[in-house]
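J.: File target-v6.cif below, mmCIF, C-alpha atoms:
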```
data_run
#
loop_
_atom_site.label_atom_id
_atom_site.label_comp_id
_atom_site.auth_asym_id
_atom_site.auth_seq_id
_atom_site.Cartn_x
_atom_site.Cartn_y
_atom_site.Cartn_z
CA MET V 73 22.03 95.83 -19.11
CA ASP V 74 18.51 94.73 -18.17
CA SER V 75 17.23 95.54 -14.71
CA TYR V 76 14.85 93.31 -12.73
CA LEU V 77 13.14 93.75 -9.39
CA ILE V 78 13.15 90.55 -7.34
CA GLN V 79 10.98 90.21 -4.27
CA VAL V 80 12.32 88.16 -1.37
CA ASN V 81 10.55 87.05 1.77
CA GLY V 82 10.44 89.71 4.45
CA HIS V 83 8.43 91.12 7.32
CA GLY V 84 6.19 94.14 7.59
CA ASP V 85 3.89 95.76 5.05
CA HIS V 86 6.40 95.73 2.23
CA ALA V 87 8.78 92.92 1.44
CA PRO V 88 12.32 94.11 0.65
CA MET V 89 13.23 94.42 -3.01
CA LEU V 90 16.56 93.59 -4.62
CA ASP V 91 17.54 95.43 -7.78
CA VAL V 92 19.47 92.88 -9.85
CA ASN V 93 21.21 93.76 -13.11
CA LEU V 94 21.58 90.92 -15.59
CA LYS V 95 23.90 91.25 -18.53
CA ASN V 96 22.05 90.63 -21.76
CA THR V 97 23.79 87.68 -23.39
CA GLY V 98 21.12 87.05 -25.95
CA ASN V 99 19.29 84.54 -23.79
CA ILE V 100 16.10 86.20 -22.67
CA ILE V 101 14.90 85.14 -19.22
CA SER V 102 11.14 85.11 -19.21
CA PRO V 103 9.55 84.98 -15.75
CA GLY V 104 6.69 82.99 -17.19
CA LYS V 105 9.01 80.21 -18.38
CA VAL V 106 10.86 79.65 -15.07
CA LYS V 107 9.62 76.46 -13.46
CA SER V 108 8.68 77.00 -9.85
CA ARG V 109 9.61 74.42 -7.20
CA LYS V 110 6.63 73.16 -5.31
CA PRO V 111 7.70 72.75 -1.67
CA ARG V 112 7.08 69.36 -0.12
CA TRP V 113 8.10 67.63 3.09
CA ALA V 114 10.93 65.14 2.59
CA VAL V 115 12.61 64.70 5.97
CA ARG V 116 14.55 61.45 6.20
CA ALA V 117 16.90 59.95 8.76
CA SER V 118 20.56 60.25 7.84
CA GLU V 119 22.58 57.32 6.52
CA MET V 120 24.74 57.49 9.64
CA SER V 121 21.72 57.07 11.89
CA LYS V 122 20.51 54.14 9.81
CA LYS V 123 23.89 52.44 10.13
CA THR V 124 23.96 52.92 13.90
CA PHE V 125 23.03 49.64 15.55
CA ASN V 126 23.56 48.55 19.15
CA PRO V 127 23.32 44.74 19.33
CA VAL V 128 22.72 44.77 23.10
CA ARG V 129 19.73 47.05 22.80
CA ALA V 130 18.44 45.22 19.75
CA ILE V 131 18.53 41.85 21.53
CA VAL V 132 17.37 43.02 24.95
CA ASP V 133 14.55 45.15 23.56
CA SER V 134 13.27 42.17 21.57
CA MET V 135 13.14 39.97 24.68
CA LYS V 136 9.41 40.39 25.32
CA VAL V 137 9.26 38.44 28.55
CA GLU V 138 7.72 39.11 31.94
CA PRO V 139 9.54 38.08 35.13
CA ASN V 140 7.99 35.63 37.55
CA PRO V 141 5.64 37.77 39.69
CA LYS V 142 6.25 35.51 42.69
CA LYS V 143 9.97 36.31 42.76
CA ALA V 144 11.67 39.68 43.10
CA MET V 145 13.67 40.61 40.01
CA ILE V 146 17.45 40.29 40.25
CA SER V 147 19.23 42.01 37.38
CA LEU V 148 22.77 40.80 36.71
CA SER V 149 22.83 42.44 33.30
CA LEU V 150 23.89 46.09 33.61
CA GLY V 151 27.54 47.08 33.97
CA ASP V 152 26.71 50.01 36.25
CA PRO V 153 28.28 49.61 39.71
CA THR V 154 25.96 52.24 41.23
CA VAL V 155 22.64 50.44 40.69
CA PHE V 156 22.26 48.76 44.08
CA GLY V 157 23.96 51.38 46.24
CA ASN V 158 26.43 48.90 47.73
CA LEU V 159 29.40 50.45 45.90
CA PRO V 160 29.36 54.20 46.58
CA THR V 161 32.26 56.34 45.47
CA ASN V 162 34.66 57.68 48.07
CA ASP V 163 33.78 60.75 50.18
CA GLU V 164 36.93 62.48 48.95
CA VAL V 165 35.62 62.21 45.39
CA THR V 166 32.23 63.74 46.14
CA ARG V 167 33.79 66.45 48.33
CA ALA V 168 36.07 67.46 45.49
CA VAL V 169 33.10 68.00 43.16
CA LYS V 170 31.09 69.86 45.79
CA GLU V 171 33.93 72.29 46.43
CA VAL V 172 34.42 72.94 42.73
CA LEU V 173 30.69 73.55 42.30
CA ASP V 174 30.61 75.94 45.24
CA SER V 175 33.62 77.84 43.93
CA GLY V 176 31.74 78.97 40.83
CA GLN V 177 35.00 78.92 38.87
CA TYR V 178 34.14 76.08 36.47
CA ASN V 179 30.81 77.10 34.99
CA GLY V 180 32.05 78.29 31.60
CA TYR V 181 33.46 76.70 28.50
CA ALA V 182 36.77 74.90 28.75
CA PRO V 183 39.12 74.20 25.85
CA SER V 184 37.66 71.34 23.82
CA VAL V 185 40.52 69.03 24.83
CA GLY V 186 40.14 69.97 28.51
CA TYR V 187 41.73 72.46 30.86
CA GLN V 188 45.52 72.42 30.73
CA SER V 189 45.79 71.90 34.51
CA CYS V 190 43.43 68.91 34.32
CA ARG V 191 45.37 67.34 31.44
CA GLU V 192 48.51 67.82 33.50
CA ALA V 193 46.86 66.02 36.43
CA VAL V 194 45.94 63.01 34.26
CA ALA V 195 49.41 62.92 32.68
CA ALA V 196 51.06 63.03 36.11
CA TYR V 197 48.83 60.21 37.37
CA TYR V 198 49.66 57.82 34.52
CA ASN V 199 53.21 58.95 33.73
CA CYS V 200 55.91 56.33 34.22
CA PRO V 201 59.43 55.79 32.82
CA GLU V 202 58.20 52.98 30.54
CA ALA V 203 55.45 55.16 29.06
CA PRO V 204 56.11 58.86 29.72
CA LEU V 205 53.23 61.31 29.40
CA LYS V 206 52.88 65.08 29.27
CA ALA V 207 49.77 67.25 29.21
CA GLN V 208 49.83 67.49 25.41
CA ASP V 209 49.50 63.67 25.31
CA VAL V 210 46.09 63.83 27.04
CA ILE V 211 42.70 64.57 25.47
CA LEU V 212 39.81 64.79 27.94
CA THR V 213 36.51 63.39 26.70
CA SER V 214 32.89 62.94 27.70
CA GLY V 215 33.34 59.47 29.15
CA CYS V 216 35.42 56.59 27.86
CA SER V 217 32.86 55.87 25.15
CA GLN V 218 33.59 59.24 23.53
CA ALA V 219 37.30 58.57 23.89
CA ILE V 220 36.81 55.35 21.90
CA GLU V 221 34.71 57.20 19.32
CA LEU V 222 37.34 59.91 18.79
CA ALA V 223 40.14 57.35 18.62
CA LEU V 224 38.28 55.34 15.98
CA ALA V 225 37.34 58.46 14.04
CA VAL V 226 40.92 59.71 13.87
CA LEU V 227 42.46 56.34 12.93
CA ALA V 228 40.00 54.90 10.40
CA ASN V 229 38.27 56.07 7.24
CA PRO V 230 35.07 54.70 5.69
CA GLY V 231 35.94 51.55 3.77
CA GLN V 232 38.78 50.58 6.11
CA ASN V 233 38.47 47.88 8.77
CA ILE V 234 39.27 47.49 12.45
CA LEU V 235 40.03 44.35 14.45
CA VAL V 236 37.65 43.80 17.36
CA PRO V 237 37.61 41.06 20.05
CA ARG V 238 34.97 38.34 20.07
CA PRO V 239 33.42 38.28 22.64
CA GLY V 240 33.75 42.02 23.00
CA PHE V 241 32.09 45.26 24.06
CA SER V 242 29.31 45.97 21.56
CA LEU V 243 30.04 49.72 21.30
CA TYR V 244 33.07 49.11 19.08
CA LYS V 245 30.87 47.66 16.35
CA THR V 246 28.12 50.23 16.89
CA LEU V 247 30.52 53.13 16.41
CA ALA V 248 32.45 51.60 13.52
CA LEU V 249 29.45 50.67 11.41
CA SER V 250 27.93 54.13 11.86
CA MET V 251 31.16 55.56 10.41
CA GLY V 252 31.22 53.16 7.45
CA ILE V 253 34.12 51.19 8.94
CA GLU V 254 34.16 47.40 8.55
CA VAL V 255 34.53 45.26 11.69
CA LYS V 256 36.63 42.09 11.67
CA LEU V 257 36.18 39.93 14.76
CA TYR V 258 39.18 38.09 16.21
CA ASN V 259 38.61 35.21 18.62
CA LEU V 260 39.28 35.07 22.32
CA LEU V 261 39.85 31.61 23.79
CA PRO V 262 37.79 30.66 26.87
CA GLU V 263 39.95 27.60 27.51
CA LYS V 264 42.96 29.94 27.86
CA ALA V 265 41.26 32.42 30.21
CA TRP V 266 40.14 34.46 27.19
CA GLU V 267 43.59 35.07 25.69
CA ILE V 268 43.62 36.23 22.06
CA ASP V 269 43.90 33.63 19.32
CA LEU V 270 46.99 35.33 17.90
CA GLU V 271 47.12 33.27 14.71
CA HIS V 272 43.52 34.13 13.94
CA LEU V 273 44.11 37.78 14.79
CA GLU V 274 47.07 38.10 12.42
CA SER V 275 45.22 36.31 9.60
CA LEU V 276 42.63 39.09 9.56
CA VAL V 277 45.06 41.93 8.87
CA ASP V 278 45.05 43.35 5.34
CA GLU V 279 45.99 46.59 3.57
CA LYS V 280 42.76 48.23 4.78
CA THR V 281 43.25 47.48 8.48
CA ALA V 282 43.31 50.78 10.39
CA CYS V 283 43.73 49.63 14.00
CA LEU V 284 43.54 46.80 16.49
CA ILE V 285 41.29 47.17 19.55
CA VAL V 286 42.64 45.55 22.71
CA ASN V 287 40.31 45.53 25.74
CA ASN V 288 42.17 44.68 28.93
CA PRO V 289 40.82 44.03 31.55
CA SER V 290 37.89 42.76 29.54
CA ASN V 291 34.21 43.47 29.30
CA PRO V 292 32.46 41.00 29.05
CA CYS V 293 35.02 38.39 30.06
CA GLY V 294 36.54 39.73 33.28
CA SER V 295 39.88 38.52 31.97
CA VAL V 296 43.29 40.15 32.50
CA PHE V 297 46.13 39.58 30.03
CA SER V 298 49.54 38.59 31.33
CA LYS V 299 52.63 40.62 30.51
CA SER V 300 53.89 37.91 28.15
CA HIS V 301 50.58 37.75 26.27
CA LEU V 302 50.51 41.53 25.86
CA GLN V 303 54.03 41.33 24.43
CA GLU V 304 52.80 38.72 21.94
CA ILE V 305 49.95 41.03 20.91
CA LEU V 306 52.41 43.89 20.44
CA ALA V 307 54.61 41.65 18.31
CA VAL V 308 51.71 41.03 15.92
CA ALA V 309 50.89 44.76 15.76
CA SER V 310 54.55 45.59 15.15
CA ARG V 311 54.97 43.02 12.36
CA GLN V 312 51.83 44.23 10.64
CA CYS V 313 52.39 47.95 11.36
CA VAL V 314 48.90 48.31 12.90
CA PRO V 315 48.33 50.87 15.68
CA ILE V 316 46.47 49.85 18.83
CA LEU V 317 43.37 51.36 20.38
CA ALA V 318 43.59 50.18 24.00
CA ASP V 319 40.30 50.20 25.91
CA GLU V 320 41.61 50.31 29.48
CA ILE V 321 38.56 51.66 31.30
CA TYR V 322 38.95 48.78 33.79
CA GLY V 323 42.67 49.46 34.21
CA ASP V 324 43.93 48.55 37.72
CA MET V 325 40.62 46.82 38.50
CA VAL V 326 42.28 43.43 38.93
CA PHE V 327 42.12 40.98 41.78
CA ALA V 328 44.93 40.57 44.31
CA ASP V 329 46.43 37.46 42.70
CA CYS V 330 46.82 39.25 39.35
CA LYS V 331 48.82 42.18 37.96
CA TYR V 332 47.59 44.78 35.50
CA GLU V 333 50.03 45.94 32.84
CA PRO V 334 49.06 48.98 30.72
CA ILE V 335 49.95 47.87 27.21
CA ALA V 336 51.79 51.13 26.45
CA THR V 337 54.37 50.36 29.15
CA LEU V 338 55.44 47.31 27.14
CA SER V 339 55.52 48.88 23.68
CA THR V 340 58.81 49.91 22.13
CA ASN V 341 57.49 50.99 18.75
CA VAL V 342 53.74 50.35 18.34
CA PRO V 343 51.78 53.62 18.69
CA ILE V 344 48.85 53.38 21.08
CA LEU V 345 45.77 55.44 21.91
CA SER V 346 44.77 54.36 25.41
CA CYS V 347 41.18 55.14 26.45
CA GLY V 348 40.14 55.35 30.09
CA GLY V 349 38.09 57.36 32.54
CA LEU V 350 36.54 57.70 35.99
CA ALA V 351 33.46 55.55 35.35
CA LYS V 352 34.44 52.17 36.74
CA ARG V 353 37.41 52.47 39.07
CA TRP V 354 35.95 55.53 40.81
CA LEU V 355 32.36 54.20 40.51
CA VAL V 356 30.88 57.31 38.86
CA PRO V 357 29.83 56.32 35.30
CA GLY V 358 27.25 59.10 35.11
CA TRP V 359 29.87 61.83 35.57
CA ARG V 360 31.05 61.29 31.97
CA MET V 361 34.75 61.92 32.37
CA GLY V 362 37.13 60.05 30.11
CA TRP V 363 40.46 60.55 28.38
CA ILE V 364 42.73 59.47 25.57
CA LEU V 365 46.40 58.97 26.36
CA ILE V 366 48.62 59.31 23.28
CA HIS V 367 51.65 56.99 23.38
CA ASP V 368 53.86 57.58 20.34
CA ARG V 369 57.54 57.41 21.25
CA ARG V 370 58.63 56.71 17.67
CA ASP V 371 56.57 59.63 16.32
CA ILE V 372 54.54 57.33 14.07
CA PHE V 373 51.29 59.16 14.77
CA GLY V 374 53.15 62.43 14.37
CA LYS V 375 51.40 65.79 14.35
CA GLU V 376 48.60 64.64 12.07
CA ILE V 377 46.89 62.29 14.55
CA ARG V 378 47.25 64.76 17.41
CA ASP V 379 45.80 67.59 15.32
CA GLY V 380 43.01 65.30 14.18
CA LEU V 381 42.05 64.47 17.76
CA VAL V 382 41.98 68.16 18.64
CA ARG V 383 39.71 68.94 15.69
CA LEU V 384 37.39 66.04 16.49
CA SER V 385 37.17 67.12 20.13
CA GLN V 386 35.84 70.47 18.97
CA ARG V 387 32.60 68.86 17.84
CA ILE V 388 31.16 68.88 21.37
CA LEU V 389 33.47 71.37 23.12
CA GLY V 390 34.80 69.05 25.76
CA PRO V 391 33.57 67.15 28.84
CA CYS V 392 31.88 68.45 32.00
CA THR V 393 33.88 71.35 33.45
CA ILE V 394 32.74 70.71 37.05
CA VAL V 395 34.23 67.23 37.03
CA GLN V 396 37.33 68.56 35.26
CA GLY V 397 37.83 71.02 38.08
CA ALA V 398 37.74 68.18 40.62
CA LEU V 399 39.91 65.82 38.58
CA GLU V 400 43.29 66.52 40.15
CA ARG V 401 41.94 65.97 43.65
CA ILE V 402 40.03 62.83 42.59
CA LEU V 403 43.10 61.26 41.00
CA HIS V 404 45.65 62.20 43.62
CA ARG V 405 43.70 62.21 46.88
CA THR V 406 41.40 59.20 46.66
CA PRO V 407 42.66 56.94 49.50
CA PRO V 408 44.18 53.56 48.53
CA GLU V 409 41.81 51.70 50.85
CA PHE V 410 38.88 52.78 48.67
CA TYR V 411 40.30 50.90 45.68
CA HIS V 412 41.26 47.95 47.89
CA ASN V 413 37.79 47.65 49.42
CA THR V 414 36.08 47.80 46.02
CA LEU V 415 38.30 45.07 44.59
CA SER V 416 37.95 42.91 47.70
CA MET V 417 34.18 43.00 47.35
CA LEU V 418 34.34 42.20 43.62
CA LYS V 419 36.80 39.35 44.19
CA SER V 420 34.60 37.87 46.92
CA ASN V 421 31.54 38.04 44.68
CA ALA V 422 33.47 36.58 41.75
CA ASP V 423 34.64 33.63 43.85
CA LEU V 424 31.16 32.99 45.26
CA CYS V 425 29.55 33.20 41.83
CA TYR V 426 32.17 31.05 40.12
CA ALA V 427 31.99 28.32 42.75
CA ALA V 428 28.18 28.25 42.76
CA LEU V 429 27.83 28.14 38.97
CA ALA V 430 30.67 25.65 38.47
CA ALA V 431 28.73 23.18 40.63
CA ILE V 432 25.66 23.31 38.34
CA PRO V 433 25.48 20.57 35.69
CA GLY V 434 25.31 22.07 32.21
CA LEU V 435 27.14 25.32 33.04
CA GLN V 436 30.84 26.08 32.65
CA PRO V 437 31.85 29.46 34.10
CA VAL V 438 35.24 30.95 33.22
CA ARG V 439 36.97 32.32 36.32
CA PRO V 440 37.50 36.10 36.05
CA ALA V 441 40.64 37.93 37.14
CA GLY V 442 39.32 41.49 37.22
CA ALA V 443 36.77 44.03 35.98
CA MET V 444 33.14 43.40 36.97
CA TYR V 445 32.02 40.40 34.94
CA LEU V 446 32.00 36.65 34.59
CA MET V 447 31.17 34.64 31.48
CA VAL V 448 29.34 31.31 31.67
CA GLU V 449 29.13 28.69 28.94
CA ILE V 450 25.79 26.93 28.50
CA GLU V 451 26.26 23.32 27.39
CA MET V 452 23.34 23.62 25.01
CA GLU V 453 23.24 19.89 24.26
CA HIS V 454 21.98 19.41 27.84
CA PHE V 455 19.23 22.00 27.39
CA PRO V 456 17.74 20.86 24.07
CA GLU V 457 14.42 22.67 24.59
CA PHE V 458 16.24 25.98 24.15
CA GLU V 459 17.38 27.04 20.70
CA ASN V 460 20.18 29.31 21.94
CA ASP V 461 21.47 31.52 24.76
CA VAL V 462 18.78 34.15 24.10
CA GLU V 463 15.99 31.64 24.68
CA PHE V 464 17.81 30.27 27.74
CA THR V 465 18.12 33.70 29.35
CA GLU V 466 14.54 34.64 28.43
CA ARG V 467 13.19 31.59 30.25
CA LEU V 468 15.49 32.31 33.19
CA ILE V 469 13.74 35.66 33.52
CA SER V 470 10.21 34.33 33.15
CA GLU V 471 10.71 31.44 35.56
CA GLN V 472 13.24 32.74 38.08
CA SER V 473 13.24 36.55 37.64
CA VAL V 474 17.02 36.55 37.10
CA PHE V 475 18.29 38.65 34.19
CA CYS V 476 21.69 37.83 32.69
CA LEU V 477 22.79 39.12 29.29
CA PRO V 478 22.92 36.49 26.56
CA ALA V 479 26.41 36.57 25.08
CA THR V 480 24.95 36.84 21.59
CA CYS V 481 25.05 40.53 22.56
CA PHE V 482 28.84 40.19 22.42
CA GLU V 483 28.95 38.10 19.22
CA TYR V 484 29.50 34.93 21.28
CA PRO V 485 26.46 32.64 21.34
CA ASN V 486 25.73 29.96 23.95
CA PHE V 487 27.29 31.90 26.84
CA PHE V 488 25.81 34.45 29.20
CA ARG V 489 27.41 37.30 31.17
CA VAL V 490 26.97 37.88 34.90
CA VAL V 491 27.64 41.27 36.52
CA ILE V 492 29.27 40.77 39.94
CA THR V 493 28.74 44.25 41.43
CA VAL V 494 25.47 43.35 43.17
CA PRO V 495 25.31 42.76 46.96
CA GLU V 496 26.54 39.37 48.14
CA GLU V 497 23.12 38.14 49.27
CA MET V 498 21.73 38.88 45.81
CA ILE V 499 24.57 36.98 44.14
CA LEU V 500 23.84 33.96 46.31
CA GLU V 501 20.09 34.18 45.74
CA ALA V 502 20.57 34.57 41.98
CA CYS V 503 22.93 31.59 41.79
CA GLY V 504 20.46 29.49 43.78
CA ARG V 505 17.69 30.35 41.33
CA ILE V 506 19.95 29.62 38.34
CA GLN V 507 20.69 26.22 39.87
CA GLU V 508 16.97 25.52 40.34
CA PHE V 509 16.33 26.57 36.73
CA CYS V 510 19.08 24.36 35.33
CA GLU V 511 18.02 21.35 37.40
CA MET V 512 14.50 21.78 36.02
CA HIS V 513 15.62 21.82 32.37
CA TYR V 514 18.85 19.80 32.33
CA GLN V 515 18.84 16.67 30.21
CA GLY V 516 21.54 14.02 30.37
CA ALA V 517 22.90 12.57 27.15
CA GLU V 518 20.06 10.02 26.84
CA GLY V 519 17.31 12.45 27.83
CA ALA V 520 18.53 15.06 25.39
CA GLN V 521 18.67 12.48 22.61
CA ASP V 522 15.11 11.32 23.34
CA LEU V 523 13.85 14.91 23.30
CA GLU V 524 15.53 15.52 19.95
CA CYS V 525 13.83 12.41 18.55
CA ASP V 526 10.44 13.63 19.82
CA LYS V 527 10.94 16.81 17.83
#
```
Can the structure in the file be given as structure tokens, please?
T.:
Amino acid sequence: MDSYLIQVNGHGDHAPMLDVNLKNTGNIISPGKVKSRKPRWAVRASEMSKKTFNPVRAIVDSMKVEPNPKKAMISLSLGDPTVFGNLPTNDEVTRAVKEVLDSGQYNGYAPSVGYQSCREAVAAYYNCPEAPLKAQDVILTSGCSQAIELALAVLANPGQNILVPRPGFSLYKTLALSMGIEVKLYNLLPEKAWEIDLEHLESLVDEKTACLIVNNPSNPCGSVFSKSHLQEILAVASRQCVPILADEIYGDMVFADCKYEPIATLSTNVPILSCGGLAKRWLVPGWRMGWILIHDRRDIFGKEIRDGLVRLSQRILGPCTIVQGALERILHRTPPEFYHNTLSMLKSNADLCYAALAAIPGLQPVRPAGAMYLMVEIEMEHFPEFENDVEFTERLISEQSVFCLPATCFEYPNFFRVVITVPEEMILEACGRIQEFCEMHYQGAEGAQDLECDK
């Protein structure tokens, strides 16, 4: 046996030495012949980060436009109900968090899937005979966006595909592409109050389809599916044996003349991961409290999907413990009039906005039935100086200081989305400015044709 002394990096006057014995196999190792590696910096962004792309941010950040300095900016672009202070959460909600904070009992780590008592509270709140739930069917998450991320991650592998609504919430695509999952867009139909084009949906399914995303009530459309339409969606999923990821963050946020049906209450055999949270209905998006409800009465998901969700939840060790501690009180003690008042205000704004925009030549709003949004079609042939919805909304900012999101952000060009959570006087002012803008740029059939010829 040959003995070598190898020096390794250390501290102090003498670096530590390792005495290594190498068995002599006839191959002599000569220190002079070993090629040394010359260290060099080679730090690169990961492939996952390079694949992560948020179309809303990409489009909005590229809109290099200054608002009209003579008019105060009115932003109808951000789906955050807290921005203007006109929709505060209920006092019972804030009191619950204050008491938990003062108790000092929720400052440590919780189980990654959430405290058992908090999971029980969520299960009890959503449990019903048509879709029974127990604590083990609930995974608490850091907001609904993480719930969607975990649901996608447990259902789909790189190389598979998911079915996503068009127009639809951009996060689905952002998350999927970062995971190497293909996105197939199925059409919603504005002429049918944004119902799904079921024939188109079913034509997209193949052997690599991992799940179908159903967003109801909808962002960006403000639509609410009827019971019969949800049953038709379930029939497609059942025929094709495709599980459903239900984004129901706006669940129960529907106007008085409409009824919300959780899709799991209508399913007899299709397994569903339903994602929700406190953000919208309780008006606290920054508190980052969401959940996944596992509906699997035929045991199609089985133990594997449940175990997978638990393992994935361990990546960030669960959501905020302070909000968890307040969750039971928030869910079970928030007074009904709080929900009623919020929806009354949203319905009033939706009606005002719809009526005002429907009266403007060149615009075709689609009446919403819930959530916090309204989609408006731009009859681009009457605005020939604008190439698309992005240019239209850019000029609306520069001339009228009104910011609406171009629906290209939602894969649906030549529409724009209006957020209806702003105070009533701002809705009316914004609609008045939009009318002034459209009257300035609207061209009738002859005028538009002449302008095209001039080009």
J.: Evaluate the PyMOL selection byres ((chain V and resi 441) around 7) here and jot the selected residues down as a ChimeraX atom specification.
T.: /V:294-296,326-327,330,439-440,442
J.: Which distance in Å separates atom CA of V:Ile394 and atom CA of V:Gly349, to one decimal?
T.: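 Distance between the two atoms: 15.1 Å.
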J.: Tell me which protein, DNA and RNA residues are within 8 Å of stretch 387-392 of chain V, counting all atoms listed in the file, leaving out same-chain ones fewer than 6 positions away, and put them as a PyMOL selection string.
T.: chain V and resi 181-186+212-215+359-361
J.: Considering all atoms listed in the file, state which residue in the set V:Val236, V:Leu345, V:Ile335, V:Lys122 is at the smallest distance from V:Val210.
T.: V:Leu345
J.: Determine the residue set returned by the PyMOL selection byres ((chain V and resi 415-426) around 9) for the present structure, and present it as a ChimeraX atom specification.
T.: /V:159,325-328,410-414,427-431,437-446,448,490,492-496,499-500,503
J.: Keeping only C-alpha atoms, write the selected residues to a file as a CSV table (one decimal), in the frame of the given file.
T.:
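Listed below is the output, again31.csv:
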```csv
chain,number,residue,atom,x,y,z
V,159,LEU,CA,29.4,50.4,45.9
V,325,MET,CA,40.6,46.8,38.5
V,326,VAL,CA,42.3,43.4,38.9
V,327,PHE,CA,42.1,41.0,41.8
V,328,ALA,CA,44.9,40.6,44.3
V,410,PHE,CA,38.9,52.8,48.7
V,411,TYR,CA,40.3,50.9,45.7
V,412,HIS,CA,41.3,48.0,47.9
V,413,ASN,CA,37.8,47.6,49.4
V,414,THR,CA,36.1,47.8,46.0
V,427,ALA,CA,32.0,28.3,42.8
V,428,ALA,CA,28.2,28.2,42.8
V,429,LEU,CA,27.8,28.1,39.0
V,430,ALA,CA,30.7,25.6,38.5
V,431,ALA,CA,28.7,23.2,40.6
V,437,PRO,CA,31.8,29.5,34.1
V,438,VAL,CA,35.2,31.0,33.2
V,439,ARG,CA,37.0,32.3,36.3
V,440,PRO,CA,37.5,36.1,36.0
V,441,ALA,CA,40.6,37.9,37.1
V,442,GLY,CA,39.3,41.5,37.2
V,443,ALA,CA,36.8,44.0,36.0
V,444,MET,CA,33.1,43.4,37.0
V,445,TYR,CA,32.0,40.4,34.9
V,446,LEU,CA,32.0,36.6,34.6
V,448,VAL,CA,29.3,31.3,31.7
V,490,VAL,CA,27.0,37.9,34.9
V,492,ILE,CA,29.3,40.8,39.9
V,493,THR,CA,28.7,44.2,41.4
V,494,VAL,CA,25.5,43.4,43.2
V,495,PRO,CA,25.3,42.8,47.0
V,496,GLU,CA,26.5,39.4,48.1
V,499,ILE,CA,24.6,37.0,44.1
V,500,LEU,CA,23.8,34.0,46.3
V,503,CYS,CA,22.9,31.6,41.8
```
J.: Taking the file as I've supplied it (selection: the PyMOL selection byres ((chain V and resi 267-280) around 7)), which residues are included? Please answer as a list in words.
T.: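 Checking the PyMOL selection byres ((chain V and resi 267-280) around 7) against this file, the residues are Gln232, Asn233, Tyr258, Asn259, Leu260, Leu261, Lys264, Ala265, Trp266, Thr281, Ala282, Phe297 and Val308 of chain V.
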J.: Would you work out the distance separating atom CA of V:Trp354 from atom CA of V:Thr161, expressed in Å to one decimal?
T.: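 Taking atom CA of V:Trp354 and atom CA of V:Thr161, their separation equals 6.0 Å.
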J.: Expressed in Å to a single decimal, how great is the separation between atom CA of V:Glu449 and atom CA of V:Leu435?
T.: 5.7 Å
J.: Closest to V:Pro239 among V:Ser470, V:Asn287, V:Asn179, V:Gln312, using all atoms listed in the file?
T.: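 Using all atoms listed in the file, the shortest distance to V:Pro239 belongs to V:Asn287.
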J.: Could you check the closest approach to V:Asn486 for each of V:Asp174, V:Asp329, V:Glu254, V:Glu463 and tell me which residue wins, using all atoms listed in the file?
T.: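 Closest candidate: V:Glu463.
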